[in-house]
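Trainee: Input file: work-v7.cif. Contents: mmCIF, C-alpha atoms.
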data_input
#
loop_
_atom_site.label_atom_id
_atom_site.label_comp_id
_atom_site.auth_asym_id
_atom_site.auth_seq_id
_atom_site.Cartn_x
_atom_site.Cartn_y
_atom_site.Cartn_z
CA MET A 531 229.38 19.45 -45.82
CA ASP A 532 227.00 19.38 -48.75
CA VAL A 533 223.48 19.00 -47.41
CA LYS A 534 220.54 17.66 -49.40
CA ASP A 535 217.15 16.73 -47.93
CA GLY A 536 218.54 16.96 -44.41
CA LYS A 537 221.49 14.58 -44.97
CA VAL A 538 225.15 15.17 -45.71
CA VAL A 539 225.96 14.09 -49.27
CA LYS A 540 229.03 14.17 -51.48
CA GLY A 541 229.49 13.96 -55.21
CA VAL A 542 232.33 13.92 -57.69
CA LYS A 543 232.76 17.09 -59.74
CA PHE A 544 229.34 18.16 -58.45
CA ARG A 545 227.55 15.04 -59.78
CA ASN A 546 226.33 11.66 -58.51
CA HIS A 547 225.77 12.70 -54.93
CA ARG A 548 225.45 9.98 -52.36
CA ILE A 549 224.55 10.14 -48.68
CA VAL A 550 227.54 10.09 -46.34
CA GLY A 551 225.87 10.69 -42.98
CA GLU A 552 223.74 12.71 -40.60
CA ILE A 553 224.40 16.44 -40.16
CA LEU A 554 224.70 16.38 -36.38
CA ASP A 555 226.81 13.21 -36.19
CA LEU A 556 229.34 14.56 -38.65
CA ALA A 557 229.32 18.07 -37.15
CA ARG A 558 230.08 16.63 -33.72
CA ARG A 559 232.74 14.27 -35.06
CA TYR A 560 234.65 16.96 -36.96
CA CYS A 561 234.42 19.40 -34.08
CA GLU A 562 235.87 16.80 -31.71
CA GLN A 563 238.64 15.97 -34.19
CA GLY A 564 239.78 19.59 -34.15
CA ALA A 565 238.23 21.16 -37.27
CA ASP A 566 238.63 24.94 -37.13
CA GLU A 567 235.40 25.71 -38.92
CA LEU A 568 232.53 23.89 -40.59
CA VAL A 569 230.71 24.95 -43.73
CA PHE A 570 227.27 23.67 -44.64
CA TYR A 571 226.01 24.02 -48.20
CA ASP A 572 222.34 23.41 -48.86
CA ILE A 573 223.25 22.43 -52.39
CA THR A 574 219.79 22.23 -53.95
CA ALA A 575 218.44 25.50 -52.52
CA SER A 576 219.53 27.74 -55.41
CA PRO A 577 218.71 25.30 -58.24
CA ASP A 578 215.30 24.65 -56.62
CA GLY A 579 214.68 28.39 -56.33
CA ARG A 580 214.29 28.33 -52.54
CA SER A 581 216.23 29.68 -49.59
CA VAL A 582 218.41 27.59 -47.30
CA ASP A 583 216.73 24.91 -45.21
CA ARG A 584 217.37 26.25 -41.69
CA THR A 585 215.61 23.63 -39.60
CA TRP A 586 218.99 22.22 -38.56
CA VAL A 587 220.89 25.51 -38.12
CA SER A 588 219.86 26.06 -34.48
CA THR A 589 220.62 22.47 -33.53
CA VAL A 590 224.06 22.67 -35.12
CA ALA A 591 224.69 25.98 -33.31
CA SER A 592 223.71 24.42 -29.99
CA ILE A 593 226.29 21.62 -30.18
CA LEU A 594 229.23 23.36 -31.91
CA ASP A 595 231.84 25.41 -30.09
CA ILE A 596 233.66 26.35 -33.28
CA PRO A 597 232.44 28.73 -35.97
CA PHE A 598 230.28 27.58 -38.85
CA CYS A 599 229.08 29.01 -42.11
CA VAL A 600 225.82 28.32 -43.92
CA ALA A 601 225.23 28.57 -47.65
CA GLY A 602 222.45 27.93 -50.10
CA GLY A 603 219.95 30.23 -51.76
CA ILE A 604 220.49 33.19 -49.39
CA ARG A 605 218.96 35.91 -51.57
CA ASN A 606 218.20 38.82 -49.27
CA ILE A 607 218.77 40.45 -45.89
CA ALA A 608 215.89 38.57 -44.27
CA ASP A 609 217.23 35.13 -45.27
CA ALA A 610 220.68 36.08 -43.96
CA GLU A 611 219.37 37.57 -40.74
CA ASP A 612 217.36 34.46 -39.96
CA VAL A 613 220.34 32.15 -40.49
CA LEU A 614 222.61 34.38 -38.36
CA ASN A 615 220.00 34.68 -35.62
CA LYS A 616 219.77 30.91 -35.47
CA GLY A 617 223.46 30.83 -34.56
CA ALA A 618 225.46 30.64 -37.80
CA ASP A 619 228.60 32.81 -37.73
CA LYS A 620 228.79 33.49 -41.44
CA ILE A 621 226.74 33.14 -44.57
CA SER A 622 228.17 32.21 -47.91
CA ILE A 623 226.66 33.27 -51.20
CA ASN A 624 227.32 32.18 -54.75
CA SER A 625 224.42 31.98 -57.23
CA PRO A 626 222.37 34.82 -55.67
CA ALA A 627 225.45 37.09 -55.76
CA LEU A 628 226.01 36.30 -59.43
CA ALA A 629 222.35 37.07 -60.16
CA LYS A 630 222.42 40.30 -58.16
CA PRO A 631 225.92 41.50 -57.20
CA ASP A 632 224.45 44.33 -55.07
CA LEU A 633 223.45 41.64 -52.61
CA ILE A 634 227.10 41.49 -51.47
CA ASN A 635 227.06 45.24 -50.69
CA ASP A 636 223.72 44.98 -48.90
CA LEU A 637 224.79 42.06 -46.72
CA ALA A 638 228.19 43.56 -45.91
CA HIS A 639 226.59 46.87 -44.98
CA ARG A 640 223.98 45.26 -42.75
CA PHE A 641 226.03 42.53 -41.04
CA GLY A 642 229.65 43.50 -41.69
CA SER A 643 232.11 42.00 -44.17
CA GLN A 644 233.20 39.40 -41.65
CA CYS A 645 229.85 37.62 -42.03
CA VAL A 646 229.84 37.62 -45.81
CA VAL A 647 231.68 34.84 -47.58
CA LEU A 648 231.78 34.62 -51.34
CA GLY A 649 231.63 31.06 -52.60
CA VAL A 650 233.10 30.70 -56.07
CA ASP A 651 232.63 27.54 -58.12
CA SER A 652 235.34 27.97 -60.70
CA HIS A 653 235.58 25.77 -63.80
CA LEU A 654 238.41 25.60 -66.32
CA GLU A 655 237.08 25.87 -69.88
CA ASN A 656 239.07 26.58 -73.02
CA GLY A 657 242.00 27.79 -70.96
CA ALA A 658 239.99 30.24 -68.84
CA TYR A 659 238.50 29.94 -65.37
CA VAL A 660 234.80 30.79 -65.34
CA VAL A 661 232.33 30.94 -62.46
CA TYR A 662 229.44 28.48 -62.36
CA GLN A 663 226.06 28.87 -60.69
CA ASN A 664 223.33 26.53 -59.42
CA THR A 665 226.04 23.94 -59.03
CA GLY A 666 224.06 21.74 -56.63
CA ASN A 667 222.03 20.23 -59.43
CA PRO A 668 223.85 18.89 -62.51
CA GLU A 669 220.74 19.53 -64.65
CA LYS A 670 220.60 23.19 -63.72
CA MET A 671 224.22 24.26 -63.32
CA THR A 672 225.30 26.85 -65.85
CA SER A 673 228.20 29.12 -66.54
CA SER A 674 227.69 32.66 -65.30
CA GLN A 675 229.88 33.85 -68.21
CA ARG A 676 232.04 35.66 -65.67
CA GLU A 677 235.71 34.97 -65.33
CA THR A 678 236.91 34.00 -61.88
CA LYS A 679 239.63 36.58 -61.27
CA PRO A 680 237.61 39.74 -62.04
CA TRP A 681 234.64 38.33 -60.13
CA VAL A 682 236.74 37.75 -57.00
CA ARG A 683 238.10 41.28 -57.30
CA GLU A 684 234.64 42.81 -57.77
CA ALA A 685 233.18 40.85 -54.84
CA GLN A 686 235.95 42.12 -52.52
CA GLU A 687 235.28 45.69 -53.61
CA ARG A 688 231.61 45.14 -52.86
CA GLY A 689 232.45 43.98 -49.34
CA ALA A 690 232.91 40.21 -49.32
CA GLY A 691 235.08 39.41 -46.29
CA GLU A 692 236.29 35.97 -47.32
CA VAL A 693 236.51 33.91 -50.49
CA VAL A 694 236.11 30.14 -50.75
CA LEU A 695 237.48 29.12 -54.12
CA ASN A 696 236.14 25.78 -55.15
CA CYS A 697 238.02 24.40 -58.12
CA MET A 698 235.34 22.33 -59.81
CA ASN A 699 237.66 20.31 -62.03
CA GLN A 700 239.33 18.97 -58.89
CA ASP A 701 236.17 18.43 -56.83
CA GLY A 702 235.81 15.01 -55.24
CA VAL A 703 238.66 13.44 -57.27
CA ARG A 704 241.29 13.71 -54.52
CA GLN A 705 244.16 14.51 -56.84
CA GLY A 706 245.25 17.62 -54.97
CA TYR A 707 244.19 21.25 -54.90
CA ASP A 708 244.45 23.40 -58.02
CA ILE A 709 247.61 25.16 -56.83
CA THR A 710 248.09 27.19 -60.02
CA GLN A 711 244.65 28.71 -59.87
CA LEU A 712 244.72 29.26 -56.12
CA ALA A 713 248.11 30.99 -56.26
CA GLU A 714 246.86 33.27 -59.02
CA ILE A 715 243.75 34.21 -57.07
CA ARG A 716 245.79 34.61 -53.88
CA ALA A 717 247.78 37.35 -55.57
CA ASN A 718 244.49 39.14 -56.30
CA CYS A 719 242.77 38.58 -53.00
CA SER A 720 243.35 40.75 -49.93
CA VAL A 721 240.74 39.00 -47.76
CA PRO A 722 241.11 35.47 -46.39
CA LEU A 723 241.18 32.86 -49.15
CA ILE A 724 240.07 29.30 -48.52
CA ALA A 725 241.08 26.51 -50.90
CA SER A 726 238.46 23.96 -51.81
CA GLY A 727 238.33 20.96 -54.10
CA GLY A 728 240.74 18.10 -54.59
CA ALA A 729 242.22 17.17 -51.21
CA GLY A 730 243.05 13.47 -51.17
CA ASN A 731 245.88 13.13 -48.68
CA GLN A 732 247.81 15.11 -46.09
CA THR A 733 250.51 16.17 -48.55
CA HIS A 734 247.88 17.98 -50.63
CA PHE A 735 247.09 20.17 -47.62
CA LEU A 736 250.76 20.91 -47.00
CA GLU A 737 251.25 21.86 -50.67
CA VAL A 738 248.33 24.25 -50.75
CA PHE A 739 249.54 26.11 -47.65
CA GLN A 740 253.15 26.21 -48.83
CA ARG A 741 252.64 26.95 -52.52
CA ALA A 742 249.40 28.94 -52.68
CA SER A 743 249.63 30.71 -49.27
CA VAL A 744 245.93 30.18 -48.62
CA ASP A 745 244.48 31.04 -45.22
CA GLY A 746 242.56 27.80 -44.91
CA ALA A 747 241.92 24.52 -46.66
CA LEU A 748 238.46 23.06 -46.95
CA ALA A 749 237.87 19.39 -47.65
CA ALA A 750 235.00 16.93 -47.62
CA SER A 751 235.51 13.51 -49.26
CA VAL A 752 238.83 12.78 -47.57
CA PHE A 753 237.28 13.43 -44.14
CA HIS A 754 233.93 11.76 -44.85
CA SER A 755 235.68 8.52 -45.86
CA GLY A 756 237.44 8.45 -42.49
CA GLU A 757 240.78 8.02 -44.25
CA LEU A 758 242.32 11.16 -42.84
CA PRO A 759 241.27 12.16 -39.33
CA ILE A 760 241.59 15.94 -38.86
CA SER A 761 243.71 15.46 -35.71
CA LYS A 762 246.24 13.39 -37.67
CA LEU A 763 246.29 15.92 -40.50
CA LYS A 764 246.97 18.77 -38.08
CA SER A 765 249.87 16.95 -36.40
CA PHE A 766 251.36 16.35 -39.83
CA LEU A 767 251.00 20.02 -40.79
CA ASN A 768 252.45 21.12 -37.47
CA ASP A 769 255.45 18.78 -37.95
CA ASN A 770 255.97 20.46 -41.32
CA LYS A 771 255.98 23.97 -39.87
CA VAL A 772 252.46 25.00 -40.80
CA ASP A 773 251.16 26.81 -37.75
CA VAL A 774 247.87 25.12 -36.85
CA ARG A 775 245.72 24.81 -33.77
CA LEU A 776 246.35 21.40 -32.23
CA CYS A 777 243.73 19.80 -30.02
CA MET B 502 220.95 39.13 -6.84
CA ILE B 503 219.93 36.37 -9.26
CA ASN B 504 222.68 33.89 -10.04
CA SER B 505 222.41 34.18 -13.78
CA VAL B 506 224.00 36.09 -16.61
CA ALA B 507 222.36 39.03 -18.32
CA ILE B 508 223.33 39.37 -21.97
CA ILE B 509 222.82 43.01 -22.89
CA ASP B 510 220.51 43.21 -25.89
CA GLY B 511 221.97 45.72 -28.29
CA GLY B 512 219.77 44.65 -31.16
CA GLY B 513 222.58 42.82 -32.96
CA ALA B 514 222.26 39.49 -34.71
CA ASN B 515 223.99 36.31 -33.63
CA ILE B 516 223.52 36.11 -29.88
CA ALA B 517 222.41 32.49 -30.23
CA SER B 518 225.91 31.03 -30.24
CA LEU B 519 226.71 32.79 -26.95
CA GLN B 520 223.47 31.61 -25.37
CA TYR B 521 224.15 28.04 -26.46
CA ALA B 522 227.70 28.19 -25.09
CA LEU B 523 226.41 29.31 -21.68
CA GLN B 524 223.73 26.63 -21.83
CA ARG B 525 226.42 23.97 -22.42
CA LEU B 526 228.09 25.20 -19.21
CA GLY B 527 224.81 24.89 -17.35
CA ALA B 528 224.56 28.67 -16.82
CA LYS B 529 221.26 30.47 -17.00
CA SER B 530 221.26 33.45 -19.33
CA HIS B 531 218.73 35.99 -20.44
CA LEU B 532 218.87 38.56 -23.20
CA THR B 533 217.69 41.88 -21.83
CA SER B 534 217.93 45.64 -22.11
CA ASP B 535 216.05 46.26 -18.86
CA PRO B 536 218.31 48.19 -16.41
CA SER B 537 217.07 46.47 -13.26
CA ALA B 538 217.32 42.99 -14.82
CA ILE B 539 220.91 43.82 -15.76
CA GLN B 540 221.75 45.25 -12.31
CA GLU B 541 220.25 42.26 -10.52
CA SER B 542 222.13 39.58 -12.46
CA SER B 543 225.22 38.03 -10.93
CA HIS B 544 227.17 38.37 -14.20
CA VAL B 545 226.74 40.60 -17.24
CA ILE B 546 227.93 40.11 -20.81
CA LEU B 547 228.11 42.89 -23.37
CA PRO B 548 228.29 41.11 -26.72
CA GLY B 549 228.38 42.82 -30.04
CA VAL B 550 228.37 42.00 -33.69
CA GLY B 551 228.14 44.86 -36.12
CA ALA B 552 229.47 48.39 -36.13
CA ALA B 553 230.34 50.76 -33.29
CA ALA B 554 228.02 53.71 -34.06
CA PRO B 555 224.73 51.77 -34.35
CA ALA B 556 225.69 49.74 -31.26
CA MET B 557 226.39 52.89 -29.19
CA ALA B 558 223.17 54.46 -30.51
CA GLN B 559 221.25 51.45 -29.18
CA ILE B 560 222.95 51.75 -25.78
CA HIS B 561 222.07 55.44 -25.53
CA GLN B 562 218.53 54.93 -26.78
CA LYS B 563 217.99 52.33 -24.07
CA GLU B 564 219.74 54.60 -21.51
CA LEU B 565 222.20 51.88 -20.59
CA ALA B 566 225.56 53.72 -20.65
CA ASN B 567 225.50 54.73 -16.99
CA VAL B 568 223.90 51.46 -15.98
CA ILE B 569 226.84 49.56 -17.49
CA LEU B 570 229.50 51.91 -16.08
CA ASN B 571 228.12 51.53 -12.56
CA LEU B 572 227.88 47.74 -12.51
CA LYS B 573 229.76 46.12 -9.62
CA GLN B 574 229.44 42.47 -10.62
CA PRO B 575 231.76 40.79 -13.17
CA VAL B 576 231.12 42.17 -16.66
CA LEU B 577 232.51 40.65 -19.86
CA GLY B 578 232.66 42.50 -23.17
CA ILE B 579 233.05 40.32 -26.24
CA CYS B 580 234.44 41.48 -29.61
CA LEU B 581 232.62 44.72 -30.49
CA GLY B 582 231.47 44.72 -26.86
CA MET B 583 235.15 45.05 -25.87
CA GLN B 584 235.68 47.97 -28.26
CA LEU B 585 232.55 49.70 -26.91
CA MET B 586 234.18 49.59 -23.48
CA GLY B 587 236.98 51.88 -24.71
CA THR B 588 236.69 55.67 -24.73
CA SER B 589 236.05 55.93 -28.46
CA SER B 590 236.28 53.94 -31.66
CA ALA B 591 237.94 54.87 -34.93
CA GLU B 592 235.09 52.93 -36.52
CA ASP B 593 232.55 55.68 -37.24
CA ASN B 594 234.57 58.04 -34.92
CA VAL B 595 232.11 57.45 -32.15
CA ASP B 596 232.41 58.08 -28.39
CA CYS B 597 232.11 54.85 -26.42
CA LEU B 598 231.51 53.85 -22.81
CA GLY B 599 234.93 54.62 -21.36
CA VAL B 600 235.22 51.63 -19.03
CA PHE B 601 238.83 51.29 -20.22
CA PRO B 602 240.82 54.50 -20.89
CA ASP B 603 241.83 53.17 -24.32
CA LYS B 604 240.75 54.03 -27.85
CA ALA B 605 239.73 51.41 -30.39
CA ILE B 606 241.89 51.81 -33.47
CA LYS B 607 241.73 50.18 -36.89
CA LEU B 608 243.79 47.01 -37.14
CA LYS B 609 246.51 47.45 -39.76
CA GLY B 610 246.59 44.90 -42.57
CA GLY B 611 249.55 43.46 -44.40
CA PRO B 612 250.32 41.01 -47.19
CA GLU B 613 250.09 37.98 -44.88
CA SER B 614 247.64 39.60 -42.47
CA PRO B 615 244.27 40.41 -44.01
CA VAL B 616 241.75 42.69 -42.30
CA PRO B 617 239.16 41.77 -41.10
CA ASN B 618 241.25 39.39 -39.02
CA MET B 619 239.16 36.25 -39.20
CA GLY B 620 240.28 33.01 -37.76
CA TRP B 621 242.19 31.32 -34.98
CA CYS B 622 245.06 33.20 -33.33
CA ARG B 623 247.32 32.43 -30.40
CA VAL B 624 246.93 34.48 -27.27
CA SER B 625 249.94 35.07 -24.98
CA PHE B 626 248.95 35.64 -21.40
CA SER B 627 250.56 38.64 -19.69
CA SER B 628 249.61 37.83 -16.12
CA ASN B 629 247.86 35.34 -13.92
CA ASN B 630 244.21 35.91 -13.38
CA PRO B 631 241.30 33.72 -12.29
CA LEU B 632 239.75 34.37 -15.73
CA LEU B 633 242.62 32.41 -17.29
CA GLN B 634 242.91 29.50 -14.90
CA ASN B 635 243.21 26.04 -16.45
CA ILE B 636 243.79 27.55 -19.88
CA PRO B 637 247.28 26.89 -21.30
CA ASP B 638 249.28 30.00 -22.25
CA GLU B 639 249.45 30.43 -26.05
CA SER B 640 246.03 28.85 -26.52
CA TRP B 641 244.21 29.53 -29.79
CA PHE B 642 241.01 31.58 -29.86
CA TYR B 643 238.65 32.54 -32.67
CA PHE B 644 238.75 36.19 -33.82
CA VAL B 645 236.54 38.14 -36.22
CA HIS B 646 237.31 41.87 -36.16
CA SER B 647 238.79 44.93 -37.85
CA TYR B 648 239.35 47.19 -34.81
CA VAL B 649 241.39 46.65 -31.66
CA LEU B 650 242.20 48.12 -28.28
CA PRO B 651 245.95 48.66 -27.76
CA ILE B 652 248.23 46.93 -25.28
CA SER B 653 248.12 48.58 -21.85
CA GLN B 654 248.69 47.79 -18.17
CA ARG B 655 245.20 46.30 -18.27
CA THR B 656 246.14 43.69 -20.88
CA LEU B 657 245.77 40.10 -19.64
CA GLY B 658 246.45 38.54 -23.03
CA ARG B 659 247.91 39.77 -26.29
CA THR B 660 247.84 38.66 -29.91
CA SER B 661 250.15 39.47 -32.81
CA HIS B 662 248.93 40.55 -36.21
CA THR B 663 250.86 43.23 -38.10
CA HIS B 664 251.12 44.72 -34.61
CA ASP B 665 250.27 43.40 -31.15
CA PHE B 666 246.93 44.23 -29.62
CA SER B 667 244.94 43.41 -26.50
CA ALA B 668 243.14 40.09 -26.79
CA ILE B 669 241.99 40.16 -23.16
CA LEU B 670 241.60 43.19 -20.88
CA LYS B 671 240.72 43.62 -17.23
CA HIS B 672 239.97 46.75 -15.24
CA ASN B 673 238.37 46.33 -11.80
CA ASN B 674 235.28 44.15 -12.33
CA PHE B 675 235.30 44.68 -16.11
CA TYR B 676 236.77 42.04 -18.41
CA ALA B 677 236.81 41.90 -22.19
CA THR B 678 237.94 39.60 -24.97
CA GLN B 679 238.53 40.58 -28.58
CA PHE B 680 237.92 36.96 -29.62
CA HIS B 681 234.70 34.99 -29.37
CA PRO B 682 235.02 32.56 -26.44
CA GLU B 683 231.70 30.98 -27.46
CA ARG B 684 233.33 29.86 -30.70
CA SER B 685 236.81 29.05 -29.37
CA ALA B 686 236.39 25.35 -28.60
CA ALA B 687 237.65 24.05 -25.23
CA ALA B 688 239.80 27.11 -24.39
CA GLY B 689 236.85 29.44 -24.93
CA ALA B 690 234.48 27.27 -22.92
CA GLN B 691 236.97 27.27 -20.03
CA LEU B 692 237.23 31.06 -20.16
CA LEU B 693 233.45 31.43 -20.00
CA LYS B 694 233.33 28.94 -17.15
CA ASN B 695 236.02 30.91 -15.30
CA PHE B 696 234.07 34.12 -15.88
CA MET B 697 230.91 32.57 -14.46
CA GLU B 698 232.88 31.54 -11.37
CA LEU B 699 234.12 35.08 -10.67
CA ASN B 700 232.29 36.94 -7.97
#
Just dump the structure as structure tokens.

Mentor:
Amino acid sequence: MDVKDGKVVKGVKFRNHRIVGEILDLARRYCEQGADELVFYDITASPDGRSVDRTWVSTVASILDIPFCVAGGIRNIADAEDVLNKGADKISINSPALAKPDLINDLAHRFGSQCVVLGVDSHLENGAYVVYQNTGNPEKMTSSQRETKPWVREAQERGAGEVVLNCMNQDGVRQGYDITQLAEIRANCSVPLIASGGAGNQTHFLEVFQRASVDGALAASVFHSGELPISKLKSFLNDNKVDVRLC
Amino acid sequence: MINSVAIIDGGGANIASLQYALQRLGAKSHLTSDPSAIQESSHVILPGVGAAAPAMAQIHQKELANVILNLKQPVLGICLGMQLMGTSSAEDNVDCLGVFPDKAIKLKGGPESPVPNMGWCRVSFSSNNPLLQNIPDESWFYFVHSYVLPISQRTLGRTSHTHDFSAILKHNNFYATQFHPERSAAAGAQLLKNFMELN
């Protein structure tokens, strides 16, 4: 869930965000439908130069009985500690890690790798995948000049315990996950890898599990629209021999 | 004895989700490191997020090791709290409480089985116990860990990774789960409810 000004929003390829609902309503709905984990991105925190808005973190923690991860402008130990103390299970970092890679080591050392998720916004340009930063604001997003594969490897060495690979070219367009890129990163990733960007129907989920061997699949638009209830998706995956938790 | 649960304060982050889970069950909980408050509670939970050595250092600094070992009411260790109940942990090579005569070892990874093990895993129940009532065998629970206690006669539930390990242990009035019941949806809520109903 991309969060902006206290509401859940969604864009296409990280642009033209529109409001899709209230944080608590959607959190409750997805939890009841059988989501295994929720991720909240305060998408304007990094581009606005502030830390994550945590007014809603405690409330979300009080209603959810599944794990959730919070992201957005977490720049130091104190930001992370506050979010975790309010009940988040994990924190995810992208732009602040690119600005100061030692942050990954510091967070992993203090809270353990299991709390530290590396978010990677990966964009295909001139035949190479590069990592973008400040992606919550189209005016401010820029290339970090780092290539995706070496960055994922470096972040693991520094202690990141999970990688969410968001394939920007696929984001919000519902044409399927970027299987080629995900499979390539999978081969270079020894921590859990979560696919993100491009899910449009249940077959896309099946493909990404079968062909890229990811540990999880993240999606937004296809759930927000109500087209694909998570319970229905999980029955479909289960029928196709993907081992999932049914509710 | 007060009918409420004492959550032992080991200085770790992320106790909120456990407190909220107990609140949803209508149970009163308090975070404390005071020996008499712990002794006087009807139920005690030893949580734990972080690493074994700093967690044991906190327990010793607060002089809680013997307090915990001598508790007679139901006690539940969660995640690192479970590992601390073993005799020692391979994490930091530290001596632990010794509630269970088992050593915490590093979970082995494999190509399809990353470590830390993070995510939902099935738990196979090894025996009937009030802690497990109304929870279907092979239910999924949420795990986040790199160390495990081995299978033993005390194992109530086991999980497979590259090797099997104890997901749930019981010894006398001491119970422990390697997973986080507070983050394990309906199955986890039922387990916490069952724990609160033990006496």

Trainee: Write out as a list of chain:residue names every residue belonging to chain A that has an atom at most 8 Å from any atom of chain B, counting all atoms listed in the file.

Mentor: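 Applying the cut-off to the listed atoms yields A:Asp566, A:Ala591, A:Ser592, A:Ile593, A:Leu594, A:Asp595, A:Ile596, A:Pro597, A:Glu611, A:Leu614, A:Asn615, A:Lys616, A:Gly617, A:Ala618, A:Asp619, A:Arg640, A:Phe641, A:Gly642, A:Ser643, A:Gln644, A:Gly691, A:Ser720, A:Val721, A:Pro722, A:Arg775.
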
Trainee: Can you translate the PyMOL selection byres ((chain B and resi 627) around 7) into the concrete residues it hits in this file, as JSON, numbers by chain?

Mentor: {"B": [625, 626, 628, 656, 657, 658]}

Trainee: Just want the 12 Å neighbourhood of B:Val600, counted on all atoms listed in the file, with same-chain residues fewer than 4 positions away dropped. Output as a PDB file with C-alpha atoms, keeping the file's coordinate frame.

Mentor:
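Below you can see out23.pdb, which holds the result:
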ATOM      1  CA  ALA B 566     225.560  53.720 -20.650  1.00  0.00           C
ATOM      2  CA  ASN B 567     225.500  54.730 -16.990  1.00  0.00           C
ATOM      3  CA  VAL B 568     223.900  51.460 -15.980  1.00  0.00           C
ATOM      4  CA  ILE B 569     226.840  49.560 -17.490  1.00  0.00           C
ATOM      5  CA  LEU B 570     229.500  51.910 -16.080  1.00  0.00           C
ATOM      6  CA  ASN B 571     228.120  51.530 -12.560  1.00  0.00           C
ATOM      7  CA  LEU B 572     227.880  47.740 -12.510  1.00  0.00           C
ATOM      8  CA  VAL B 576     231.120  42.170 -16.660  1.00  0.00           C
ATOM      9  CA  LEU B 577     232.510  40.650 -19.860  1.00  0.00           C
ATOM     10  CA  GLY B 578     232.660  42.500 -23.170  1.00  0.00           C
ATOM     11  CA  GLY B 582     231.470  44.720 -26.860  1.00  0.00           C
ATOM     12  CA  MET B 583     235.150  45.050 -25.870  1.00  0.00           C
ATOM     13  CA  GLN B 584     235.680  47.970 -28.260  1.00  0.00           C
ATOM     14  CA  LEU B 585     232.550  49.700 -26.910  1.00  0.00           C
ATOM     15  CA  MET B 586     234.180  49.590 -23.480  1.00  0.00           C
ATOM     16  CA  GLY B 587     236.980  51.880 -24.710  1.00  0.00           C
ATOM     17  CA  THR B 588     236.690  55.670 -24.730  1.00  0.00           C
ATOM     18  CA  SER B 589     236.050  55.930 -28.460  1.00  0.00           C
ATOM     19  CA  ASP B 596     232.410  58.080 -28.390  1.00  0.00           C
ATOM     20  CA  LYS B 604     240.750  54.030 -27.850  1.00  0.00           C
ATOM     21  CA  ARG B 655     245.200  46.300 -18.270  1.00  0.00           C
ATOM     22  CA  LEU B 670     241.600  43.190 -20.880  1.00  0.00           C
ATOM     23  CA  LYS B 671     240.720  43.620 -17.230  1.00  0.00           C
ATOM     24  CA  HIS B 672     239.970  46.750 -15.240  1.00  0.00           C
ATOM     25  CA  ASN B 673     238.370  46.330 -11.800  1.00  0.00           C
ATOM     26  CA  ASN B 674     235.280  44.150 -12.330  1.00  0.00           C
ATOM     27  CA  PHE B 675     235.300  44.680 -16.110  1.00  0.00           C
ATOM     28  CA  TYR B 676     236.770  42.040 -18.410  1.00  0.00           C
ATOM     29  CA  ALA B 677     236.810  41.900 -22.190  1.00  0.00           C
TER      30      ALA B 677
END

Trainee: Please measure the separation of atom CA of A:Lys540 and atom CA of A:Asn731, giving the value in Å to one decimal.

Mentor: 17.1 Å

Trainee: Could you list, as a PDB file with C-alpha atoms, keeping the file's coordinate frame, every residue matched by the PyMOL selection byres ((chain A and resi 699) around 12) in this structure?

Mentor:
ATOM      1  CA  VAL A 542     232.330  13.920 -57.690  1.00  0.00           C
ATOM      2  CA  LYS A 543     232.760  17.090 -59.740  1.00  0.00           C
ATOM      3  CA  PHE A 544     229.340  18.160 -58.450  1.00  0.00           C
ATOM      4  CA  ARG A 545     227.550  15.040 -59.780  1.00  0.00           C
ATOM      5  CA  ASP A 651     232.630  27.540 -58.120  1.00  0.00           C
ATOM      6  CA  SER A 652     235.340  27.970 -60.700  1.00  0.00           C
ATOM      7  CA  HIS A 653     235.580  25.770 -63.800  1.00  0.00           C
ATOM      8  CA  LEU A 654     238.410  25.600 -66.320  1.00  0.00           C
ATOM      9  CA  GLU A 655     237.080  25.870 -69.880  1.00  0.00           C
ATOM     10  CA  TYR A 659     238.500  29.940 -65.370  1.00  0.00           C
ATOM     11  CA  VAL A 660     234.800  30.790 -65.340  1.00  0.00           C
ATOM     12  CA  VAL A 661     232.330  30.940 -62.460  1.00  0.00           C
ATOM     13  CA  TYR A 662     229.440  28.480 -62.360  1.00  0.00           C
ATOM     14  CA  LEU A 695     237.480  29.120 -54.120  1.00  0.00           C
ATOM     15  CA  ASN A 696     236.140  25.780 -55.150  1.00  0.00           C
ATOM     16  CA  CYS A 697     238.020  24.400 -58.120  1.00  0.00           C
ATOM     17  CA  MET A 698     235.340  22.330 -59.810  1.00  0.00           C
ATOM     18  CA  GLN A 700     239.330  18.970 -58.890  1.00  0.00           C
ATOM     19  CA  ASP A 701     236.170  18.430 -56.830  1.00  0.00           C
ATOM     20  CA  GLY A 702     235.810  15.010 -55.240  1.00  0.00           C
ATOM     21  CA  VAL A 703     238.660  13.440 -57.270  1.00  0.00           C
ATOM     22  CA  ARG A 704     241.290  13.710 -54.520  1.00  0.00           C
ATOM     23  CA  GLN A 705     244.160  14.510 -56.840  1.00  0.00           C
ATOM     24  CA  GLY A 706     245.250  17.620 -54.970  1.00  0.00           C
ATOM     25  CA  TYR A 707     244.190  21.250 -54.900  1.00  0.00           C
ATOM     26  CA  ASP A 708     244.450  23.400 -58.020  1.00  0.00           C
ATOM     27  CA  GLN A 711     244.650  28.710 -59.870  1.00  0.00           C
ATOM     28  CA  SER A 726     238.460  23.960 -51.810  1.00  0.00           C
ATOM     29  CA  GLY A 727     238.330  20.960 -54.100  1.00  0.00           C
ATOM     30  CA  GLY A 728     240.740  18.100 -54.590  1.00  0.00           C
TER      31      GLY A 728
END
